[in-house]
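See below for target09.pdb, which holds PDB, C-alpha atoms, pLDDT in the B column.
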```
ATOM      1  CA  MET U 242       0.000   0.000   0.000  1.00 76.00           C
ATOM      2  CA  ALA U 243       2.845   2.411   0.796  1.00 88.00           C
ATOM      3  CA  GLU U 244       4.341   1.872  -2.675  1.00 91.00           C
ATOM      4  CA  PHE U 245       1.012   2.777  -4.286  1.00 92.00           C
ATOM      5  CA  THR U 246       0.781   6.008  -2.227  1.00 93.00           C
ATOM      6  CA  VAL U 247       4.315   7.013  -3.213  1.00 93.00           C
ATOM      7  CA  LEU U 248       3.501   6.348  -6.886  1.00 94.00           C
ATOM      8  CA  VAL U 249       0.332   8.503  -6.678  1.00 94.00           C
ATOM      9  CA  LEU U 250       2.291  11.313  -4.991  1.00 95.00           C
ATOM     10  CA  LYS U 251       4.981  11.159  -7.708  1.00 95.00           C
ATOM     11  CA  ILE U 252       2.371  11.386 -10.478  1.00 96.00           C
ATOM     12  CA  ALA U 253       0.570  14.259  -8.726  1.00 96.00           C
ATOM     13  CA  PHE U 254       3.869  16.111  -8.257  1.00 96.00           C
ATOM     14  CA  LEU U 255       4.736  15.695 -11.959  1.00 96.00           C
ATOM     15  CA  ALA U 256       1.264  16.901 -13.013  1.00 96.00           C
ATOM     16  CA  ILE U 257       1.586  20.016 -10.845  1.00 96.00           C
ATOM     17  CA  LEU U 258       5.109  20.630 -12.155  1.00 96.00           C
ATOM     18  CA  TRP U 259       3.918  20.437 -15.789  1.00 96.00           C
ATOM     19  CA  LEU U 260       0.968  22.732 -15.033  1.00 95.00           C
ATOM     20  CA  PHE U 261       3.394  25.262 -13.542  1.00 96.00           C
ATOM     21  CA  ILE U 262       5.652  25.083 -16.632  1.00 95.00           C
ATOM     22  CA  ILE U 263       2.693  25.595 -18.996  1.00 94.00           C
ATOM     23  CA  LEU U 264       1.433  28.600 -17.001  1.00 92.00           C
ATOM     24  CA  LEU U 265       4.942  30.077 -16.914  1.00 91.00           C
ATOM     25  CA  ALA U 266       5.265  29.697 -20.695  1.00 90.00           C
ATOM     26  CA  ALA U 267       1.903  31.435 -21.175  1.00 86.00           C
ATOM     27  CA  VAL U 268       2.983  34.395 -19.027  1.00 83.00           C
ATOM     28  CA  ILE U 269       6.300  34.724 -20.859  1.00 82.00           C
ATOM     29  CA  ASN U 270       4.517  34.522 -24.228  1.00 78.00           C
ATOM     30  CA  SER U 271       2.040  37.207 -23.147  1.00 74.00           C
ATOM     31  CA  ASP U 272       4.860  39.522 -22.070  1.00 72.00           C
ATOM     32  CA  MET U 273       7.016  38.957 -25.156  1.00 69.00           C
ATOM     33  CA  VAL U 274       4.309  38.916 -27.819  1.00 65.00           C
ATOM     34  CA  GLY U 275       1.628  40.959 -26.106  1.00 57.00           C
ATOM     35  CA  ARG U 276      -2.031  40.492 -25.528  1.00 51.00           C
ATOM     36  CA  ARG U 277      -4.667  40.756 -28.246  1.00 49.00           C
ATOM     37  CA  GLN U 278      -4.450  44.309 -29.527  1.00 44.00           C
ATOM     38  CA  ARG U 279      -7.167  46.808 -30.344  1.00 45.00           C
ATOM     39  CA  GLY U 280      -8.428  46.570 -33.876  1.00 43.00           C
ATOM     40  CA  SER U 281      -8.161  42.805 -34.111  1.00 41.00           C
ATOM     41  CA  VAL U 282     -10.458  40.900 -36.446  1.00 42.00           C
ATOM     42  CA  GLU U 283     -12.704  39.568 -33.676  1.00 44.00           C
ATOM     43  CA  GLU U 284     -13.548  43.020 -32.298  1.00 44.00           C
ATOM     44  CA  GLU U 285     -16.836  44.638 -33.235  1.00 47.00           C
ATOM     45  CA  PRO U 286     -16.481  47.548 -35.670  1.00 48.00           C
ATOM     46  CA  VAL U 287     -16.936  51.019 -34.252  1.00 47.00           C
ATOM     47  CA  ALA U 288     -19.157  53.473 -36.096  1.00 51.00           C
ATOM     48  CA  PRO U 289     -17.271  56.572 -37.293  1.00 53.00           C
ATOM     49  CA  ALA U 290     -17.897  59.816 -35.442  1.00 52.00           C
ATOM     50  CA  PRO U 291     -20.057  62.359 -37.246  1.00 56.00           C
ATOM     51  CA  MET U 292     -18.153  65.050 -39.119  1.00 54.00           C
ATOM     52  CA  PRO U 293     -18.175  68.419 -37.339  1.00 54.00           C
ATOM     53  CA  SER U 294     -19.728  71.399 -39.047  1.00 60.00           C
ATOM     54  CA  THR U 295     -17.479  73.948 -40.759  1.00 64.00           C
ATOM     55  CA  ARG U 296     -17.938  76.388 -37.898  1.00 64.00           C
ATOM     56  CA  GLU U 297     -17.020  73.724 -35.301  1.00 63.00           C
ATOM     57  CA  ALA U 298     -14.002  72.695 -37.362  1.00 60.00           C
ATOM     58  CA  LYS U 299     -12.737  76.294 -37.465  1.00 60.00           C
ATOM     59  CA  LYS U 300     -13.149  76.627 -33.692  1.00 59.00           C
ATOM     60  CA  ALA U 301     -11.303  73.355 -33.133  1.00 58.00           C
ATOM     61  CA  ALA U 302      -8.463  74.423 -35.446  1.00 56.00           C
ATOM     62  CA  LYS U 303      -8.134  77.749 -33.612  1.00 56.00           C
ATOM     63  CA  ARG U 304      -8.094  75.953 -30.252  1.00 54.00           C
ATOM     64  CA  ARG U 305      -5.451  73.467 -31.473  1.00 51.00           C
ATOM     65  CA  LYS U 306      -3.054  76.301 -32.275  1.00 52.00           C
ATOM     66  CA  LYS U 307      -2.897  77.051 -28.556  1.00 55.00           C
ATOM     67  CA  GLU U 308      -2.634  73.418 -27.431  1.00 57.00           C
ATOM     68  CA  PRO U 309       0.450  71.207 -27.378  1.00 61.00           C
ATOM     69  CA  TRP U 310       0.360  68.769 -30.288  1.00 78.00           C
ATOM     70  CA  VAL U 311       3.980  67.563 -30.177  1.00 85.00           C
ATOM     71  CA  LEU U 312       5.585  65.089 -27.775  1.00 85.00           C
ATOM     72  CA  ALA U 313       9.301  65.876 -27.386  1.00 86.00           C
ATOM     73  CA  ILE U 314      11.481  63.008 -26.164  1.00 86.00           C
ATOM     74  CA  ASP U 315      14.355  64.252 -23.983  1.00 88.00           C
ATOM     75  CA  SER U 316      16.157  61.039 -22.963  1.00 85.00           C
ATOM     76  CA  GLY U 317      16.535  57.418 -23.919  1.00 79.00           C
ATOM     77  CA  ILE U 318      17.194  55.841 -27.301  1.00 78.00           C
ATOM     78  CA  HIS U 319      14.810  58.289 -29.030  1.00 79.00           C
ATOM     79  CA  ALA U 320      16.283  61.427 -27.413  1.00 84.00           C
ATOM     80  CA  GLY U 321      15.719  64.477 -29.606  1.00 86.00           C
ATOM     81  CA  ASP U 322      12.792  62.950 -31.495  1.00 85.00           C
ATOM     82  CA  ARG U 323       9.505  64.806 -31.733  1.00 86.00           C
ATOM     83  CA  LEU U 324       6.245  62.943 -32.272  1.00 84.00           C
ATOM     84  CA  GLN U 325       3.320  64.731 -33.892  1.00 84.00           C
ATOM     85  CA  LEU U 326       0.388  63.832 -31.657  1.00 83.00           C
ATOM     86  CA  VAL U 327      -3.002  62.534 -32.706  1.00 84.00           C
ATOM     87  CA  SER U 328      -6.043  62.430 -30.442  1.00 85.00           C
ATOM     88  CA  GLU U 329      -4.902  59.165 -28.822  1.00 89.00           C
ATOM     89  CA  VAL U 330      -1.343  57.817 -28.480  1.00 89.00           C
ATOM     90  CA  HIS U 331      -0.631  54.364 -27.063  1.00 92.00           C
ATOM     91  CA  ILE U 332       2.868  54.109 -25.587  1.00 91.00           C
ATOM     92  CA  GLY U 333       4.660  50.801 -25.033  1.00 90.00           C
ATOM     93  CA  ARG U 334       6.901  48.095 -26.494  1.00 89.00           C
ATOM     94  CA  SER U 335       4.215  46.611 -28.757  1.00 87.00           C
ATOM     95  CA  GLU U 336       4.379  47.333 -32.482  1.00 87.00           C
ATOM     96  CA  ALA U 337       0.670  48.208 -32.228  1.00 88.00           C
ATOM     97  CA  CYS U 338       1.552  51.346 -30.218  1.00 88.00           C
ATOM     98  CA  GLU U 339       1.829  54.739 -31.889  1.00 88.00           C
ATOM     99  CA  LEU U 340       4.975  55.407 -29.803  1.00 87.00           C
ATOM    100  CA  VAL U 341       7.137  52.282 -29.530  1.00 88.00           C
ATOM    101  CA  LEU U 342       9.755  52.481 -26.764  1.00 86.00           C
ATOM    102  CA  ASP U 343      12.414  49.770 -26.865  1.00 83.00           C
ATOM    103  CA  ASP U 344      13.177  49.827 -23.152  1.00 83.00           C
ATOM    104  CA  ASP U 345      13.332  46.927 -20.691  1.00 84.00           C
ATOM    105  CA  TYR U 346      11.305  48.923 -18.148  1.00 87.00           C
ATOM    106  CA  VAL U 347       8.410  49.623 -20.547  1.00 89.00           C
ATOM    107  CA  SER U 348       5.426  47.257 -20.675  1.00 90.00           C
ATOM    108  CA  THR U 349       3.870  45.972 -23.900  1.00 89.00           C
ATOM    109  CA  MET U 350       0.965  48.430 -23.594  1.00 90.00           C
ATOM    110  CA  HIS U 351       2.292  50.852 -20.976  1.00 92.00           C
ATOM    111  CA  ALA U 352       0.348  54.124 -21.112  1.00 92.00           C
ATOM    112  CA  LEU U 353      -2.230  56.090 -23.062  1.00 92.00           C
ATOM    113  CA  LEU U 354      -1.991  59.807 -23.840  1.00 91.00           C
ATOM    114  CA  SER U 355      -5.325  61.150 -25.032  1.00 90.00           C
ATOM    115  CA  HIS U 356      -6.797  64.497 -25.985  1.00 88.00           C
ATOM    116  CA  ARG U 357     -10.023  65.655 -24.371  1.00 86.00           C
ATOM    117  CA  ASP U 358     -12.705  67.816 -25.961  1.00 84.00           C
ATOM    118  CA  ASP U 359     -11.853  70.646 -23.561  1.00 83.00           C
ATOM    119  CA  GLY U 360      -8.346  70.823 -25.055  1.00 81.00           C
ATOM    120  CA  SER U 361      -6.445  69.143 -22.223  1.00 85.00           C
ATOM    121  CA  TRP U 362      -4.173  66.115 -22.546  1.00 90.00           C
ATOM    122  CA  VAL U 363      -4.665  63.187 -20.167  1.00 92.00           C
ATOM    123  CA  LEU U 364      -2.082  60.486 -19.380  1.00 93.00           C
ATOM    124  CA  LYS U 365      -3.251  57.101 -18.092  1.00 93.00           C
ATOM    125  CA  ASP U 366      -1.125  54.173 -16.946  1.00 92.00           C
ATOM    126  CA  LEU U 367      -2.447  50.927 -18.462  1.00 90.00           C
ATOM    127  CA  GLY U 368      -1.485  48.687 -15.539  1.00 89.00           C
ATOM    128  CA  SER U 369       2.236  48.705 -16.278  1.00 89.00           C
ATOM    129  CA  THR U 370       4.690  46.905 -14.028  1.00 86.00           C
ATOM    130  CA  ASN U 371       7.140  49.775 -13.534  1.00 89.00           C
ATOM    131  CA  GLY U 372       4.671  52.644 -13.551  1.00 90.00           C
ATOM    132  CA  THR U 373       4.211  55.950 -15.336  1.00 92.00           C
ATOM    133  CA  TYR U 374       5.541  59.128 -13.736  1.00 93.00           C
ATOM    134  CA  VAL U 375       4.584  62.803 -14.080  1.00 93.00           C
ATOM    135  CA  ASN U 376       7.012  65.259 -12.483  1.00 93.00           C
ATOM    136  CA  GLY U 377       8.597  62.425 -10.496  1.00 91.00           C
ATOM    137  CA  GLU U 378       5.311  61.169  -9.013  1.00 92.00           C
ATOM    138  CA  ARG U 379       3.875  57.785  -9.994  1.00 93.00           C
ATOM    139  CA  ILE U 380       0.368  58.169 -11.382  1.00 92.00           C
ATOM    140  CA  THR U 381      -2.417  55.707 -10.621  1.00 89.00           C
ATOM    141  CA  THR U 382      -5.353  57.551 -12.191  1.00 91.00           C
ATOM    142  CA  GLU U 383      -5.877  59.639 -15.305  1.00 92.00           C
ATOM    143  CA  THR U 384      -3.678  62.725 -14.931  1.00 91.00           C
ATOM    144  CA  VAL U 385      -3.935  65.979 -16.876  1.00 91.00           C
ATOM    145  CA  VAL U 386      -0.538  66.906 -18.340  1.00 90.00           C
ATOM    146  CA  GLY U 387       0.672  70.097 -19.956  1.00 86.00           C
ATOM    147  CA  PRO U 388       3.827  71.599 -21.451  1.00 86.00           C
ATOM    148  CA  ASP U 389       5.386  72.196 -18.015  1.00 86.00           C
ATOM    149  CA  ASP U 390       5.120  68.534 -16.967  1.00 90.00           C
ATOM    150  CA  VAL U 391       7.877  65.941 -17.360  1.00 92.00           C
ATOM    151  CA  ILE U 392       6.567  62.469 -18.266  1.00 92.00           C
ATOM    152  CA  ARG U 393       8.764  59.443 -17.536  1.00 92.00           C
ATOM    153  CA  ILE U 394       8.066  55.958 -18.832  1.00 91.00           C
ATOM    154  CA  GLY U 395      10.871  53.502 -18.137  1.00 88.00           C
ATOM    155  CA  ASP U 396      14.129  55.369 -18.741  1.00 88.00           C
ATOM    156  CA  VAL U 397      12.520  57.706 -21.299  1.00 89.00           C
ATOM    157  CA  GLN U 398      11.620  61.284 -20.369  1.00 91.00           C
ATOM    158  CA  MET U 399       9.294  63.325 -22.556  1.00 90.00           C
ATOM    159  CA  ARG U 400       7.186  66.469 -22.489  1.00 89.00           C
ATOM    160  CA  LEU U 401       4.396  68.141 -24.442  1.00 88.00           C
ATOM    161  CA  GLU U 402       5.263  71.094 -26.660  1.00 82.00           C
ATOM    162  CA  PHE U 403       3.306  73.693 -28.616  1.00 69.00           C
TER     163      PHE U 403
END
```
Show me the file's structure as structure tokens.
Amino acid sequence: MAEFTVLVLKIAFLAILWLFIILLAAVINSDMVGRRQRGSVEEEPVAPAPMPSTREAKKAAKRRKKEPWVLAIDSGIHAGDRLQLVSEVHIGRSEACELVLDDDYVSTMHALLSHRDDGSWVLKDLGSTNGTYVNGERITTETVVGPDDVIRIGDVQMRLEF
């Protein structure tokens, strides 16, 4: 009877060990390749936003002249680069991001910089491991950023410019 118990324990131990290895491989694959990205085939299509009237478009263009629409990168491998901003910029290591940062401390989908209707820019951490910082403080909620704020993601520092 004791031999049978030892055999069952050995088989159970091997099953748990293989389960651990499979889960570990899945986590490594998720980190290296990334999760399913926005815009994949299985996602439901989003209806386009209605076109603004000519008067609204002129007001928006006038407002944009006063708002920062350039992201200047001050340090890291992309130091000196300037990224022309669109209404939403995903930042991370994934090729699906608008700003790809090849940095060991940057997550696959690290942060989101988005433009609000009121003209402000909002930075949101997307659950990154190493965090997103504004003026040296780690952010945990959506944070309004402006041209005077220093944004740090991994070893890369950047700022908004007019």
Checklist entry - Do you know which residues are at most 7 Å from Ile332 of chain U counting only C-alpha atoms, after dropping those on the same chain fewer than 6 positions away, and could you put them as a ChimeraX atom specification? => result /U:338-341,350-353
Using the chain letters and numbering of this document, enumerate as a PDB file with C-alpha atoms, in the frame of the given file the residues selected by the PyMOL selection byres ((chain U and resi 401) around 10).
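And here is the file that came out, result_34.pdb:
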```
ATOM      1  CA  GLU U 308      -2.634  73.418 -27.431  1.00 57.00           C
ATOM      2  CA  PRO U 309       0.450  71.207 -27.378  1.00 61.00           C
ATOM      3  CA  TRP U 310       0.360  68.769 -30.288  1.00 78.00           C
ATOM      4  CA  VAL U 311       3.980  67.563 -30.177  1.00 85.00           C
ATOM      5  CA  LEU U 312       5.585  65.089 -27.775  1.00 85.00           C
ATOM      6  CA  ALA U 313       9.301  65.876 -27.386  1.00 86.00           C
ATOM      7  CA  ILE U 314      11.481  63.008 -26.164  1.00 86.00           C
ATOM      8  CA  ARG U 323       9.505  64.806 -31.733  1.00 86.00           C
ATOM      9  CA  LEU U 324       6.245  62.943 -32.272  1.00 84.00           C
ATOM     10  CA  LEU U 326       0.388  63.832 -31.657  1.00 83.00           C
ATOM     11  CA  TRP U 362      -4.173  66.115 -22.546  1.00 90.00           C
ATOM     12  CA  VAL U 386      -0.538  66.906 -18.340  1.00 90.00           C
ATOM     13  CA  GLY U 387       0.672  70.097 -19.956  1.00 86.00           C
ATOM     14  CA  PRO U 388       3.827  71.599 -21.451  1.00 86.00           C
ATOM     15  CA  ASP U 389       5.386  72.196 -18.015  1.00 86.00           C
ATOM     16  CA  ASP U 390       5.120  68.534 -16.967  1.00 90.00           C
ATOM     17  CA  VAL U 391       7.877  65.941 -17.360  1.00 92.00           C
ATOM     18  CA  ILE U 392       6.567  62.469 -18.266  1.00 92.00           C
ATOM     19  CA  MET U 399       9.294  63.325 -22.556  1.00 90.00           C
ATOM     20  CA  ARG U 400       7.186  66.469 -22.489  1.00 89.00           C
ATOM     21  CA  GLU U 402       5.263  71.094 -26.660  1.00 82.00           C
ATOM     22  CA  PHE U 403       3.306  73.693 -28.616  1.00 69.00           C
TER      23      PHE U 403
END
```
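You can rank U:Leu342, U:Val330, U:Leu248, U:Val347 by their closest distance to Ile318 of chain U using all atoms listed in the file, and at the top of that list sits U:Leu342.
As for atom CA of Arg357 of chain U and atom CA of Glu378 of chain U, they are spaced 22.2 Å apart.
With atom CA of Ile380 of chain U on one side and atom CA of Gln398 of chain U on the other, the separation reads 14.7 Å.
If you count all atoms listed in the file and draw a sphere of 12 Å around (2.1, 62.3, -9.0), the protein and nucleic acid residues inside it come out as Leu364, Lys365, Asp366, Gly372, Thr373, Tyr374, Val375, Asn376, Gly377, Glu378, Arg379, Ile380, Thr381, Thr382, Glu383, Thr384, Val385, Val386, Asp390, Val391, Ile392 and Arg393 of chain U.
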Could those selected residues go to a file with C-alpha atoms, as a compact mmCIF listing (two decimals), in the coordinates of the input?
```txt
# COMPACT_ATOMS: atom_id res chain seq x y z
CA LEU U 364 -2.08 60.49 -19.38
CA LYS U 365 -3.25 57.10 -18.09
CA ASP U 366 -1.12 54.17 -16.95
CA GLY U 372 4.67 52.64 -13.55
CA THR U 373 4.21 55.95 -15.34
CA TYR U 374 5.54 59.13 -13.74
CA VAL U 375 4.58 62.80 -14.08
CA ASN U 376 7.01 65.26 -12.48
CA GLY U 377 8.60 62.42 -10.50
CA GLU U 378 5.31 61.17 -9.01
CA ARG U 379 3.88 57.78 -9.99
CA ILE U 380 0.37 58.17 -11.38
CA THR U 381 -2.42 55.71 -10.62
CA THR U 382 -5.35 57.55 -12.19
CA GLU U 383 -5.88 59.64 -15.30
CA THR U 384 -3.68 62.72 -14.93
CA VAL U 385 -3.94 65.98 -16.88
CA VAL U 386 -0.54 66.91 -18.34
CA ASP U 390 5.12 68.53 -16.97
CA VAL U 391 7.88 65.94 -17.36
CA ILE U 392 6.57 62.47 -18.27
CA ARG U 393 8.76 59.44 -17.54
```
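Atom to atom, atom CA of Ala320 of chain U and atom CA of Val397 of chain U stand 8.1 Å apart.
Using only C-alpha atoms, the shortest contact distance between Leu354 of chain U and any of U:Ile263, U:Val327, U:Val249, U:Ala337 is found at U:Val327.
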Could you write segment 345-356 of chain U as an mmCIF file, in the frame of the given file, with all heavy atoms rebuilt where they are missing?
```cif
data_model
loop_
_atom_site.group_PDB
_atom_site.id
_atom_site.type_symbol
_atom_site.label_atom_id
_atom_site.label_comp_id
_atom_site.auth_asym_id
_atom_site.auth_seq_id
_atom_site.Cartn_x
_atom_site.Cartn_y
_atom_site.Cartn_z
ATOM 1 N N ASP U 345 13.663 48.074 -21.534
ATOM 2 C CA ASP U 345 13.332 46.927 -20.691
ATOM 3 C C ASP U 345 12.329 47.254 -19.599
ATOM 4 O O ASP U 345 11.666 46.374 -19.070
ATOM 5 C CB ASP U 345 14.597 46.354 -20.052
ATOM 6 C CG ASP U 345 15.519 45.719 -21.079
ATOM 7 O OD1 ASP U 345 15.013 45.313 -22.141
ATOM 8 O OD2 ASP U 345 16.729 45.621 -20.822
ATOM 9 N N TYR U 346 12.200 48.521 -19.228
ATOM 10 C CA TYR U 346 11.305 48.923 -18.148
ATOM 11 C C TYR U 346 9.937 49.380 -18.658
ATOM 12 O O TYR U 346 9.129 49.878 -17.890
ATOM 13 C CB TYR U 346 11.945 50.029 -17.315
ATOM 14 C CG TYR U 346 13.219 49.566 -16.654
ATOM 15 C CD1 TYR U 346 14.454 49.964 -17.139
ATOM 16 C CD2 TYR U 346 13.181 48.690 -15.578
ATOM 17 C CE1 TYR U 346 15.622 49.522 -16.551
ATOM 18 C CE2 TYR U 346 14.346 48.238 -14.987
ATOM 19 C CZ TYR U 346 15.562 48.659 -15.471
ATOM 20 O OH TYR U 346 16.713 48.212 -14.891
ATOM 21 N N VAL U 347 9.675 49.224 -19.947
ATOM 22 C CA VAL U 347 8.410 49.623 -20.547
ATOM 23 C C VAL U 347 7.589 48.367 -20.832
ATOM 24 O O VAL U 347 8.094 47.404 -21.398
ATOM 25 C CB VAL U 347 8.644 50.434 -21.845
ATOM 26 C CG1 VAL U 347 7.338 50.759 -22.527
ATOM 27 C CG2 VAL U 347 9.424 51.705 -21.544
ATOM 28 N N SER U 348 6.317 48.394 -20.434
ATOM 29 C CA SER U 348 5.426 47.257 -20.675
ATOM 30 C C SER U 348 4.955 47.244 -22.127
ATOM 31 O O SER U 348 5.107 48.219 -22.854
ATOM 32 C CB SER U 348 4.213 47.342 -19.751
ATOM 33 O OG SER U 348 4.610 47.238 -18.408
ATOM 34 N N THR U 349 4.353 46.125 -22.531
ATOM 35 C CA THR U 349 3.870 45.972 -23.900
ATOM 36 C C THR U 349 2.898 47.088 -24.264
ATOM 37 O O THR U 349 3.044 47.744 -25.291
ATOM 38 C CB THR U 349 3.195 44.594 -24.067
ATOM 39 O OG1 THR U 349 4.107 43.587 -23.627
ATOM 40 C CG2 THR U 349 2.813 44.343 -25.502
ATOM 41 N N MET U 350 1.895 47.299 -23.460
ATOM 42 C CA MET U 350 0.965 48.430 -23.594
ATOM 43 C C MET U 350 1.071 49.187 -22.283
ATOM 44 O O MET U 350 0.419 48.847 -21.312
ATOM 45 C CB MET U 350 -0.464 47.951 -23.841
ATOM 46 C CG MET U 350 -0.674 47.280 -25.184
ATOM 47 S SD MET U 350 -0.463 48.385 -26.572
ATOM 48 C CE MET U 350 -2.101 49.000 -26.766
ATOM 49 N N HIS U 351 1.906 50.216 -22.235
ATOM 50 C CA HIS U 351 2.292 50.852 -20.976
ATOM 51 C C HIS U 351 1.358 51.987 -20.564
ATOM 52 O O HIS U 351 0.866 52.019 -19.439
ATOM 53 C CB HIS U 351 3.726 51.386 -21.101
ATOM 54 C CG HIS U 351 4.349 51.726 -19.796
ATOM 55 N ND1 HIS U 351 5.252 50.897 -19.185
ATOM 56 C CD2 HIS U 351 4.205 52.800 -18.984
ATOM 57 C CE1 HIS U 351 5.637 51.445 -18.043
ATOM 58 N NE2 HIS U 351 5.014 52.604 -17.895
ATOM 59 N N ALA U 352 1.130 52.933 -21.471
ATOM 60 C CA ALA U 352 0.348 54.124 -21.112
ATOM 61 C C ALA U 352 -0.444 54.620 -22.318
ATOM 62 O O ALA U 352 -0.169 54.246 -23.457
ATOM 63 C CB ALA U 352 1.266 55.222 -20.604
ATOM 64 N N LEU U 353 -1.400 55.489 -22.028
ATOM 65 C CA LEU U 353 -2.230 56.090 -23.062
ATOM 66 C C LEU U 353 -2.271 57.587 -22.831
ATOM 67 O O LEU U 353 -2.605 58.050 -21.742
ATOM 68 C CB LEU U 353 -3.651 55.514 -23.009
ATOM 69 C CG LEU U 353 -4.684 56.146 -23.934
ATOM 70 C CD1 LEU U 353 -4.320 55.865 -25.387
ATOM 71 C CD2 LEU U 353 -6.074 55.623 -23.626
ATOM 72 N N LEU U 354 -1.908 58.352 -23.863
ATOM 73 C CA LEU U 354 -1.991 59.807 -23.840
ATOM 74 C C LEU U 354 -3.126 60.183 -24.772
ATOM 75 O O LEU U 354 -3.095 59.858 -25.954
ATOM 76 C CB LEU U 354 -0.668 60.421 -24.316
ATOM 77 C CG LEU U 354 -0.572 61.932 -24.319
ATOM 78 C CD1 LEU U 354 -0.682 62.488 -22.904
ATOM 79 C CD2 LEU U 354 0.735 62.384 -24.955
ATOM 80 N N SER U 355 -4.156 60.838 -24.207
ATOM 81 C CA SER U 355 -5.325 61.150 -25.032
ATOM 82 C C SER U 355 -5.726 62.610 -24.872
ATOM 83 O O SER U 355 -5.470 63.239 -23.854
ATOM 84 C CB SER U 355 -6.489 60.227 -24.697
ATOM 85 O OG SER U 355 -6.805 60.303 -23.330
ATOM 86 N N HIS U 356 -6.362 63.110 -25.920
ATOM 87 C CA HIS U 356 -6.797 64.497 -25.985
ATOM 88 C C HIS U 356 -8.269 64.572 -25.651
ATOM 89 O O HIS U 356 -9.074 63.821 -26.190
ATOM 90 C CB HIS U 356 -6.534 65.038 -27.397
ATOM 91 C CG HIS U 356 -6.792 66.488 -27.529
ATOM 92 N ND1 HIS U 356 -7.890 66.994 -28.159
ATOM 93 C CD2 HIS U 356 -6.072 67.553 -27.099
ATOM 94 C CE1 HIS U 356 -7.843 68.312 -28.125
ATOM 95 N NE2 HIS U 356 -6.755 68.671 -27.482
#
```
